[in-house]
>>> print(open('work-v9.cif').read())   # mmCIF, C-alpha atoms
data_run
#
loop_
_atom_site.label_atom_id
_atom_site.label_comp_id
_atom_site.auth_asym_id
_atom_site.auth_seq_id
_atom_site.Cartn_x
_atom_site.Cartn_y
_atom_site.Cartn_z
CA MET A 855 10.17 29.23 6.47
CA ALA A 856 6.62 30.10 5.40
CA ASP A 857 7.77 33.14 3.40
CA ILE A 858 10.15 31.10 1.23
CA ASN A 859 8.44 30.60 -2.12
CA PRO A 860 9.45 27.24 -3.63
CA PHE A 861 8.68 28.41 -7.17
CA GLU A 862 11.08 31.33 -6.75
CA SER A 863 13.66 28.89 -5.39
CA LEU A 864 13.32 26.77 -8.54
CA GLN A 865 13.73 29.80 -10.78
CA GLU A 866 16.81 30.88 -8.86
CA GLN A 867 18.34 27.41 -9.30
CA ILE A 868 17.70 27.59 -13.05
CA ASP A 869 19.25 31.06 -13.24
CA ASP A 870 22.30 29.83 -11.34
CA ALA A 871 22.82 27.01 -13.84
CA ALA A 872 22.09 29.19 -16.88
CA ALA A 873 25.21 31.21 -16.12
CA TYR A 874 27.26 28.09 -16.91
CA SER A 875 25.23 26.98 -19.91
CA GLU A 876 25.24 28.01 -23.56
CA VAL A 877 21.44 27.91 -23.79
CA ASP A 878 19.97 31.19 -25.09
CA ASP A 879 18.42 33.53 -22.52
CA ASP A 880 15.00 33.48 -24.19
CA VAL A 881 14.92 29.67 -24.00
CA ILE A 882 15.95 29.83 -20.34
CA GLU A 883 13.02 32.14 -19.66
CA ARG A 884 10.71 29.59 -21.29
CA LEU A 885 12.15 26.84 -19.09
CA LYS A 886 11.39 28.78 -15.88
CA ARG A 887 7.58 28.73 -16.12
CA PRO A 888 4.88 26.06 -16.42
CA GLU A 889 3.06 25.59 -19.68
CA ARG A 890 -0.30 25.34 -17.90
CA VAL A 891 -1.77 25.01 -14.39
CA LEU A 892 -5.17 23.58 -13.53
CA SER A 893 -6.73 25.17 -10.43
CA THR A 894 -10.03 23.69 -9.35
CA THR A 895 -12.39 23.45 -6.39
CA LEU A 896 -13.71 20.00 -5.52
CA SER A 897 -17.13 19.77 -3.86
CA VAL A 898 -17.37 16.42 -2.07
CA ASP A 899 -20.03 14.74 0.06
CA MET A 900 -18.88 13.96 3.59
CA ASP A 901 -19.97 11.01 5.73
CA ASP A 902 -22.21 13.27 7.84
CA GLY A 903 -24.14 14.48 4.79
CA SER A 904 -22.41 17.85 4.52
CA ILE A 905 -20.55 19.08 1.44
CA GLU A 906 -16.96 20.26 1.78
CA GLN A 907 -14.81 22.15 -0.71
CA PHE A 908 -11.14 21.43 -1.44
CA ARG A 909 -8.64 23.44 -3.49
CA ALA A 910 -6.76 21.25 -5.96
CA TYR A 911 -4.07 21.85 -8.57
CA ARG A 912 -2.20 20.17 -11.44
CA SER A 913 0.80 21.92 -12.99
CA GLN A 914 2.16 20.74 -16.35
CA PHE A 915 5.53 22.42 -16.52
CA ASN A 916 7.22 21.22 -19.69
CA GLY A 917 6.61 18.42 -22.19
CA ASP A 918 9.53 18.84 -24.58
CA ARG A 919 11.06 15.45 -23.69
CA GLY A 920 7.87 13.41 -23.40
CA PRO A 921 4.55 13.12 -21.53
CA TYR A 922 4.15 15.13 -18.36
CA LYS A 923 5.00 13.09 -15.28
CA GLY A 924 4.66 13.75 -11.59
CA GLY A 925 3.03 12.90 -8.30
CA ILE A 926 -0.09 13.99 -6.47
CA ARG A 927 0.22 15.03 -2.83
CA TYR A 928 -2.35 15.52 -0.09
CA HIS A 929 -1.18 18.12 2.42
CA PRO A 930 -2.64 21.23 4.10
CA ASN A 931 0.19 23.39 2.73
CA VAL A 932 -0.36 22.55 -0.95
CA THR A 933 -0.42 25.78 -2.99
CA ARG A 934 -0.38 26.76 -6.64
CA ASP A 935 3.24 27.94 -6.38
CA GLU A 936 4.28 24.73 -4.63
CA VAL A 937 2.95 22.48 -7.39
CA LYS A 938 4.49 24.78 -10.03
CA ALA A 939 7.87 24.39 -8.36
CA LEU A 940 7.52 20.64 -7.91
CA SER A 941 6.47 20.19 -11.54
CA GLY A 942 9.58 22.11 -12.62
CA TRP A 943 11.82 19.97 -10.45
CA MET A 944 10.26 16.93 -12.12
CA VAL A 945 11.24 18.21 -15.58
CA TYR A 946 14.87 18.53 -14.59
CA LYS A 947 14.87 15.33 -12.55
CA CYS A 948 13.71 13.33 -15.57
CA ALA A 949 16.30 15.05 -17.72
CA VAL A 950 19.15 14.38 -15.26
CA VAL A 951 18.49 10.63 -15.35
CA ASP A 952 17.67 10.84 -19.08
CA ILE A 953 14.23 9.24 -19.14
CA PRO A 954 11.74 10.45 -21.79
CA TYR A 955 9.32 12.44 -19.66
CA GLY A 956 8.41 16.02 -19.03
CA GLY A 957 7.35 17.25 -15.62
CA ALA A 958 4.07 17.75 -13.76
CA LYS A 959 2.79 17.79 -10.19
CA GLY A 960 -0.55 17.97 -8.46
CA GLY A 961 -2.04 18.24 -5.04
CA ILE A 962 -5.08 18.84 -2.86
CA ALA A 963 -4.86 21.24 0.08
CA PHE A 964 -6.11 19.20 3.02
CA ASP A 965 -4.94 16.87 5.78
CA PRO A 966 -5.99 13.31 4.86
CA ARG A 967 -5.68 12.21 8.51
CA ASP A 968 -8.88 14.14 9.23
CA TYR A 969 -11.01 12.11 6.82
CA SER A 970 -12.39 8.57 6.62
CA ALA A 971 -11.34 6.09 3.95
CA ASP A 972 -14.70 6.56 2.19
CA GLU A 973 -14.27 10.33 2.20
CA LEU A 974 -10.72 10.01 0.85
CA GLU A 975 -12.01 7.85 -1.99
CA ARG A 976 -14.67 10.41 -2.91
CA ILE A 977 -12.14 13.26 -2.76
CA THR A 978 -9.69 11.32 -4.93
CA ARG A 979 -12.30 10.35 -7.48
CA ALA A 980 -13.58 13.94 -7.64
CA PHE A 981 -10.05 15.09 -8.45
CA ALA A 982 -9.71 12.30 -11.04
CA VAL A 983 -12.83 13.60 -12.79
CA GLU A 984 -11.23 17.06 -13.03
CA LEU A 985 -7.95 15.57 -14.23
CA ARG A 986 -9.57 13.31 -16.82
CA PRO A 987 -9.33 15.72 -19.80
CA ILE A 988 -5.61 16.41 -19.31
CA ILE A 989 -4.16 13.05 -18.25
CA GLY A 990 -3.49 9.84 -20.18
CA SER A 991 -0.64 7.47 -20.86
CA ASP A 992 0.66 9.71 -23.66
CA ARG A 993 -0.29 13.03 -22.06
CA ASP A 994 0.21 13.28 -18.31
CA ILE A 995 0.84 10.37 -15.94
CA PRO A 996 0.21 10.99 -12.22
CA ALA A 997 1.94 9.04 -9.45
CA PRO A 998 2.01 8.94 -5.62
CA ASP A 999 3.59 11.68 -3.55
CA VAL A 1000 3.20 12.94 0.03
CA ASN A 1001 0.29 11.15 1.75
CA THR A 1002 -0.78 9.24 -1.35
CA GLY A 1003 0.08 5.72 -2.50
CA GLN A 1004 -1.13 2.66 -4.34
CA ARG A 1005 -4.69 3.01 -3.06
CA GLU A 1006 -5.15 6.53 -4.43
CA MET A 1007 -3.52 5.64 -7.76
CA ASN A 1008 -5.87 2.67 -8.11
CA TRP A 1009 -8.87 4.98 -7.52
CA ILE A 1010 -7.65 7.46 -10.15
CA LYS A 1011 -7.02 4.68 -12.65
CA ASP A 1012 -10.44 3.14 -12.05
CA THR A 1013 -12.21 6.51 -12.37
CA TYR A 1014 -10.40 7.34 -15.60
CA GLU A 1015 -10.95 3.93 -17.17
CA THR A 1016 -14.63 3.89 -16.18
CA LEU A 1017 -15.34 7.33 -17.65
CA GLU A 1018 -13.24 6.70 -20.77
CA ARG A 1019 -14.70 3.18 -21.17
CA THR A 1020 -11.25 1.74 -21.78
CA THR A 1021 -8.41 -0.18 -20.18
CA GLU A 1022 -5.39 2.05 -19.71
CA PRO A 1023 -3.15 0.92 -16.83
CA GLY A 1024 -0.43 3.37 -17.90
CA VAL A 1025 -2.59 6.40 -17.05
CA VAL A 1026 -1.00 6.39 -13.59
CA THR A 1027 2.02 4.74 -11.99
CA GLY A 1028 2.69 3.67 -8.44
CA LYS A 1029 -0.29 1.31 -8.56
CA ALA A 1030 -0.70 -1.92 -6.64
CA PRO A 1031 0.89 -4.88 -8.48
CA SER A 1032 -2.54 -6.43 -8.94
CA SER A 1033 -3.57 -3.32 -10.90
CA GLY A 1034 -0.49 -3.18 -13.09
CA GLY A 1035 2.03 -1.76 -10.66
CA SER A 1036 5.71 -2.58 -10.87
CA ALA A 1037 7.82 -4.64 -8.53
CA GLY A 1038 10.32 -2.41 -6.76
CA ARG A 1039 8.27 0.79 -7.05
CA VAL A 1040 7.58 1.25 -3.33
CA GLU A 1041 11.29 1.17 -2.46
CA ALA A 1042 12.53 3.00 -5.55
CA THR A 1043 13.00 6.50 -4.14
CA GLY A 1044 14.80 5.26 -1.04
CA ARG A 1045 16.91 2.96 -3.20
CA SER A 1046 18.12 5.81 -5.42
CA VAL A 1047 19.01 7.79 -2.28
CA MET A 1048 21.12 4.86 -1.09
CA LEU A 1049 22.76 4.45 -4.51
CA THR A 1050 23.57 8.16 -4.70
CA ALA A 1051 25.06 8.12 -1.20
CA ARG A 1052 27.11 5.02 -2.01
CA GLU A 1053 28.47 6.60 -5.20
CA ALA A 1054 29.11 9.92 -3.43
CA PHE A 1055 31.19 8.37 -0.67
CA ASP A 1056 33.09 6.32 -3.23
CA TYR A 1057 33.76 9.46 -5.31
CA LEU A 1058 35.02 11.24 -2.19
CA ASP A 1059 37.30 8.27 -1.38
CA ARG A 1060 35.36 7.53 1.78
CA GLY A 1061 33.73 4.21 2.52
CA ILE A 1062 30.03 4.22 3.26
CA GLU A 1063 30.58 1.35 5.68
CA GLY A 1064 30.58 2.75 9.19
CA ALA A 1065 29.47 6.22 8.09
CA THR A 1066 27.01 7.80 10.53
CA VAL A 1067 23.67 8.91 9.10
CA ALA A 1068 20.79 11.17 10.17
CA VAL A 1069 17.49 10.99 8.30
CA GLN A 1070 14.98 13.82 8.63
CA GLY A 1071 11.56 12.50 7.62
CA TYR A 1072 10.78 8.83 8.26
CA GLY A 1073 8.09 8.24 5.70
CA ASN A 1074 8.47 5.89 2.76
CA ALA A 1075 11.55 7.47 1.17
CA GLY A 1076 13.35 8.19 4.43
CA SER A 1077 12.69 4.84 6.09
CA VAL A 1078 13.61 2.83 2.98
CA ALA A 1079 16.79 4.87 2.47
CA ALA A 1080 17.72 4.34 6.12
CA ARG A 1081 17.22 0.58 5.90
CA LEU A 1082 19.15 0.23 2.64
CA LEU A 1083 22.00 2.38 3.96
CA GLU A 1084 22.08 0.16 7.03
CA ASP A 1085 22.20 -2.88 4.72
CA ILE A 1086 25.40 -1.61 3.04
CA GLY A 1087 27.13 -0.92 6.34
CA ALA A 1088 26.21 2.64 7.32
CA THR A 1089 25.14 3.39 10.89
CA VAL A 1090 21.85 5.26 11.16
CA VAL A 1091 22.08 7.18 14.44
CA ALA A 1092 19.16 9.62 14.17
CA VAL A 1093 15.75 9.74 12.47
CA SER A 1094 12.77 12.06 12.79
CA ASP A 1095 9.26 12.80 11.59
CA SER A 1096 6.90 15.77 11.99
CA ARG A 1097 6.57 15.16 15.75
CA GLY A 1098 10.28 14.95 16.56
CA GLY A 1099 13.23 12.61 16.41
CA VAL A 1100 15.27 9.97 18.22
CA TYR A 1101 19.02 9.41 18.52
CA CYS A 1102 21.19 6.43 19.40
CA GLY A 1103 24.96 6.77 19.22
CA ASP A 1104 25.49 3.05 18.62
CA GLY A 1105 22.98 3.02 15.78
CA LEU A 1106 19.23 2.57 15.53
CA ASP A 1107 17.52 -0.60 14.36
CA THR A 1108 15.81 0.97 11.33
CA ALA A 1109 13.22 -1.80 10.96
CA ALA A 1110 12.30 -1.63 14.65
CA VAL A 1111 11.93 2.15 14.45
CA LYS A 1112 9.64 1.75 11.44
CA ALA A 1113 7.55 -0.83 13.30
CA HIS A 1114 7.29 1.53 16.29
CA LYS A 1115 6.16 4.38 14.05
CA ARG A 1116 3.57 2.16 12.41
CA GLU A 1117 2.12 1.36 15.83
CA ALA A 1118 2.57 4.69 17.62
CA GLY A 1119 2.24 7.11 14.70
CA SER A 1120 5.70 8.61 15.26
CA VAL A 1121 9.31 7.62 15.81
CA VAL A 1122 9.13 9.56 19.08
CA GLY A 1123 9.02 7.22 22.04
CA TYR A 1124 11.09 4.47 20.45
CA GLU A 1125 12.57 2.56 23.39
CA GLY A 1126 15.89 1.76 21.72
CA ALA A 1127 16.91 5.44 21.54
CA ASP A 1128 19.38 7.18 23.84
CA GLU A 1129 17.51 10.47 23.62
CA GLU A 1130 14.86 12.42 21.76
CA LEU A 1131 15.67 15.47 19.68
CA THR A 1132 13.96 18.12 17.59
CA ASN A 1133 14.08 18.21 13.81
CA GLU A 1134 16.48 21.15 13.90
CA GLU A 1135 18.77 19.24 16.27
CA LEU A 1136 18.71 16.31 13.85
CA LEU A 1137 19.58 18.54 10.89
CA THR A 1138 22.59 19.85 12.77
CA ALA A 1139 23.67 16.53 14.30
CA ASP A 1140 27.34 15.51 14.17
CA VAL A 1141 27.09 12.84 11.44
CA ASP A 1142 28.86 11.97 8.20
CA LEU A 1143 25.72 11.94 6.05
CA LEU A 1144 22.51 13.96 6.36
CA VAL A 1145 19.43 12.83 4.42
CA PRO A 1146 16.61 15.43 4.39
CA ALA A 1147 13.55 13.36 3.46
CA ALA A 1148 10.62 15.54 4.53
CA LEU A 1149 9.20 18.62 2.78
CA GLU A 1150 10.79 21.47 0.84
CA ASN A 1151 12.69 24.34 2.51
CA ALA A 1152 13.57 22.29 5.61
CA VAL A 1153 17.15 23.61 5.66
CA THR A 1154 17.40 27.39 5.71
CA ALA A 1155 20.58 29.48 5.68
CA ASP A 1156 20.48 29.74 9.49
CA ILE A 1157 20.32 25.97 9.88
CA ALA A 1158 22.94 25.46 7.15
CA ARG A 1159 25.47 27.44 9.19
CA ASP A 1160 25.16 24.86 11.95
CA VAL A 1161 25.08 21.71 9.78
CA ARG A 1162 27.90 19.36 10.82
CA ALA A 1163 27.44 16.65 8.20
CA ASP A 1164 30.10 16.51 5.49
CA VAL A 1165 27.71 15.13 2.87
CA ILE A 1166 24.02 15.79 2.21
CA VAL A 1167 21.94 13.57 -0.07
CA GLU A 1168 18.47 15.00 -0.69
CA ALA A 1169 15.61 12.51 -0.50
CA ALA A 1170 12.92 15.22 -0.41
CA ASN A 1171 12.12 17.67 -3.19
CA GLY A 1172 13.75 21.05 -2.61
CA PRO A 1173 14.70 20.54 1.05
CA LEU A 1174 17.40 23.25 0.91
CA THR A 1175 16.66 26.90 0.23
CA PRO A 1176 18.94 28.67 -2.31
CA ASN A 1177 20.51 30.66 0.52
CA ALA A 1178 21.22 27.43 2.39
CA ASP A 1179 22.88 26.08 -0.76
CA ASP A 1180 25.15 29.14 -0.83
CA VAL A 1181 26.12 28.70 2.81
CA LEU A 1182 26.89 25.00 2.40
CA THR A 1183 28.91 25.62 -0.77
CA GLU A 1184 31.01 28.17 1.09
CA ARG A 1185 31.52 25.65 3.89
CA ASP A 1186 32.60 22.89 1.45
CA VAL A 1187 29.69 20.62 2.37
CA TYR A 1188 28.95 18.27 -0.52
CA VAL A 1189 25.27 18.38 -1.51
CA PHE A 1190 24.01 15.75 -3.93
CA PRO A 1191 20.72 17.14 -5.20
CA ASP A 1192 17.18 15.81 -5.21
CA VAL A 1193 16.96 15.81 -9.01
CA LEU A 1194 19.38 12.87 -8.94
CA ALA A 1195 19.09 11.38 -5.47
CA ASN A 1196 15.32 10.87 -5.31
CA ALA A 1197 14.88 10.15 -9.03
CA GLY A 1198 14.39 6.44 -8.30
CA GLY A 1199 10.66 6.97 -7.90
CA VAL A 1200 10.12 8.48 -11.33
CA THR A 1201 12.61 6.07 -12.91
CA VAL A 1202 10.74 2.99 -11.70
CA SER A 1203 7.49 4.75 -12.59
CA TYR A 1204 8.92 4.90 -16.09
CA PHE A 1205 9.64 1.16 -15.92
CA GLU A 1206 6.05 0.58 -14.76
CA TRP A 1207 4.72 2.66 -17.67
CA VAL A 1208 6.86 0.67 -20.12
CA GLN A 1209 5.61 -2.61 -18.66
CA ASN A 1210 1.99 -1.40 -18.86
CA ARG A 1211 2.39 -0.49 -22.51
CA GLN A 1212 4.03 -3.83 -23.30
CA ARG A 1213 1.55 -5.79 -21.11
CA PHE A 1214 4.59 -7.54 -19.69
CA SER A 1215 5.97 -7.61 -16.14
CA TRP A 1216 9.61 -7.40 -15.07
CA THR A 1217 11.07 -9.16 -12.05
CA GLU A 1218 12.08 -7.07 -9.06
CA ALA A 1219 15.71 -8.03 -9.69
CA ARG A 1220 15.52 -6.59 -13.21
CA VAL A 1221 13.86 -3.41 -11.95
CA ASN A 1222 16.56 -2.89 -9.31
CA ASP A 1223 19.38 -3.66 -11.74
CA GLU A 1224 18.04 -1.21 -14.32
CA LEU A 1225 17.53 1.44 -11.64
CA GLU A 1226 21.10 1.02 -10.41
CA ARG A 1227 22.41 1.37 -13.95
CA ILE A 1228 20.48 4.58 -14.60
CA ILE A 1229 21.37 6.22 -11.26
CA THR A 1230 25.09 5.36 -11.48
CA GLU A 1231 25.31 6.55 -15.10
CA ALA A 1232 23.57 9.80 -14.15
CA PHE A 1233 25.94 10.19 -11.19
CA ASP A 1234 28.94 9.74 -13.48
CA ARG A 1235 27.59 12.36 -15.91
CA LEU A 1236 27.01 14.74 -12.99
CA VAL A 1237 30.59 14.31 -11.78
CA ARG A 1238 32.01 14.84 -15.29
CA THR A 1239 30.04 18.07 -15.66
CA PHE A 1240 31.10 19.27 -12.21
CA GLU A 1241 34.77 18.59 -12.88
CA ALA A 1242 34.80 19.98 -16.43
CA SER A 1243 33.28 23.35 -15.60
CA ASP A 1244 33.45 26.16 -13.08
CA VAL A 1245 30.13 25.34 -11.43
CA PRO A 1246 30.21 25.89 -7.65
CA ASN A 1247 28.38 22.74 -6.59
CA PHE A 1248 26.74 19.53 -7.73
CA ARG A 1249 23.25 21.03 -7.85
CA THR A 1250 24.30 23.60 -10.41
CA ALA A 1251 26.06 20.88 -12.39
CA ALA A 1252 22.86 18.79 -12.37
CA TYR A 1253 20.82 21.70 -13.68
CA VAL A 1254 23.37 22.40 -16.41
CA VAL A 1255 22.96 18.79 -17.59
CA ALA A 1256 19.17 18.95 -17.35
CA ILE A 1257 18.66 22.37 -18.93
CA GLU A 1258 20.83 21.50 -21.90
CA ARG A 1259 18.92 18.24 -22.47
CA VAL A 1260 15.52 19.97 -22.32
CA ALA A 1261 16.73 22.83 -24.54
CA ASP A 1262 18.08 20.32 -27.07
CA ALA A 1263 14.67 18.61 -27.19
CA PHE A 1264 12.98 21.98 -27.72
CA ASP A 1265 15.40 22.92 -30.51
CA ASP A 1266 15.07 19.52 -32.20
CA GLY A 1267 11.27 19.70 -32.16
CA GLY A 1268 11.09 23.28 -33.37
CA ASN A 1269 8.89 26.06 -32.05
CA TRP A 1270 5.33 25.40 -33.22
CA PRO A 1271 3.51 28.79 -33.41
#
>>> encode(input="work-v9.cif", output="structure tokens")
Amino acid sequence: MADINPFESLQEQIDDAAAYSEVDDDVIERLKRPERVLSTTLSVDMDDGSIEQFRAYRSQFNGDRGPYKGGIRYHPNVTRDEVKALSGWMVYKCAVVDIPYGGAKGGIAFDPRDYSADELERITRAFAVELRPIIGSDRDIPAPDVNTGQREMNWIKDTYETLERTTEPGVVTGKAPSSGGSAGRVEATGRSVMLTAREAFDYLDRGIEGATVAVQGYGNAGSVAARLLEDIGATVVAVSDSRGGVYCGDGLDTAAVKAHKREAGSVVGYEGADEELTNEELLTADVDLLVPAALENAVTADIARDVRADVIVEAANGPLTPNADDVLTERDVYVFPDVLANAGGVTVSYFEWVQNRQRFSWTEARVNDELERIITEAFDRLVRTFEASDVPNFRTAAYVVAIERVADAFDDGGNWP
């Protein structure tokens, strides 16, 4: 999978949708590339007195619909092309759910597990210093992503506010509630996955209650989605993380698996499982619903040929390669794409940003109600587009919706020379 370029995958998805859109070709070309990319090297003091360098990036893909918005990830495989692709997916994700943001993404190429908490703070603050000129509540608003969370967002906020000598809680989202974070933000991505799955099974005239589920990737999004799917009656039979997976035909206790992972560092070894399995075995398990919730390009064409799930709801960004999409379309597997299914995170980030600007906090019930409204309305629009056109799958339909919304914003604003 290492030779699959995520940025090329994004561009191929846009080209696929453009064939079913009335947007001019020259505008489509504009919508396939980022407006700017920051590439920087961070030099950071380590606990042992040495100085280590880290490659870091921030891609601002498109701002036609509002401020740039997107997460920051810490992972050894972060590359310039990866953040370009992820920032593009953010543009179209925000457009699909019709919130007034553009798209951005950032990352640092390192494994945070190899560093102390003090070192992580210095690395994060060093990146915040580099980001300072290009972020702000009306410019670019970072958020958590892979291996980052409330702690890192608090550090970025504090660094920015200290250097700018201001109070600006809306400069980042995904903060701790005590620092201006929103109720419901931690569960938001998993919640939108659950809502999308619920709506999908209803649309297909199949009840979600009793449906068997496999979740690849048991981090925040995957574990929350699993628990919420369990809450509405689905049976989660298999889950995995980077070290492997576990299976139980009668259903796993999702909370107990999460507790085991918290203690052991992996779902592997969970005593309530019938057997252990590899990630590829999980992706091809005989289940009703597959939820890829790890990294991009997890499902290749070869794996797609062996997928036995009838429905896939993407919790990760770009977990299917374009060739895998083609295979699954030919096999009549319903794929409900990431730009809708995992949009809960950015949607509740939007709610957090609104609350920060108003200096007013919403209840968790209001946050969840508003999120449900936005996801179900976006799902309905997706279905209408799919049924009213000749698009081959729901991903292409989602990109048709998104591209037309971004192009409309560009046309309405005019082309400033």
>>> closest_atom_pairs(input="work-v9.cif", of="segment 911-1008 of chain A", to="segment 1229-1252 of chain A", cutoff="8 Å", atoms="only C-alpha atoms", output="tab-separated table")
residue	atom	partner	partner_atom	distance
A:Val950	CA	A:Ala1252	CA	6.4
A:Val951	CA	A:Ala1232	CA	5.3
A:Asp952	CA	A:Ala1232	CA	7.8
>>> closest_residue(input="work-v9.cif", among="A:Ile989, A:Leu864, A:Leu974, A:Val1121", to="Lys938 of chain A", atoms="only C-alpha atoms")
A:Leu864
>>> closest_residue(input="work-v9.cif", among="A:Ile858, A:Met900, A:Ala910, A:Val1026", to="Ala971 of chain A", atoms="only C-alpha atoms")
A:Met900
>>> resolve_selection(input="work-v9.cif", expression="the PyMOL selection byres ((chain A and resi 1185) around 12)", output="VMD selection string")
chain A and resid 1155 1158 to 1165 1178 to 1184 1186 to 1189 1246 to 1247
>>> resolve_selection(input="work-v9.cif", expression="the PyMOL selection byres ((chain A and resi 1032-1040) around 6)", output="PyMOL selection string")
chain A and resi 1028-1031+1041-1042+1202+1206+1218
>>> closest_residue(input="work-v9.cif", among="A:Glu1015, A:Asp1223, A:Asp918, A:Asp1104", to="Val983 of chain A", atoms="all atoms listed in the file")
A:Glu1015
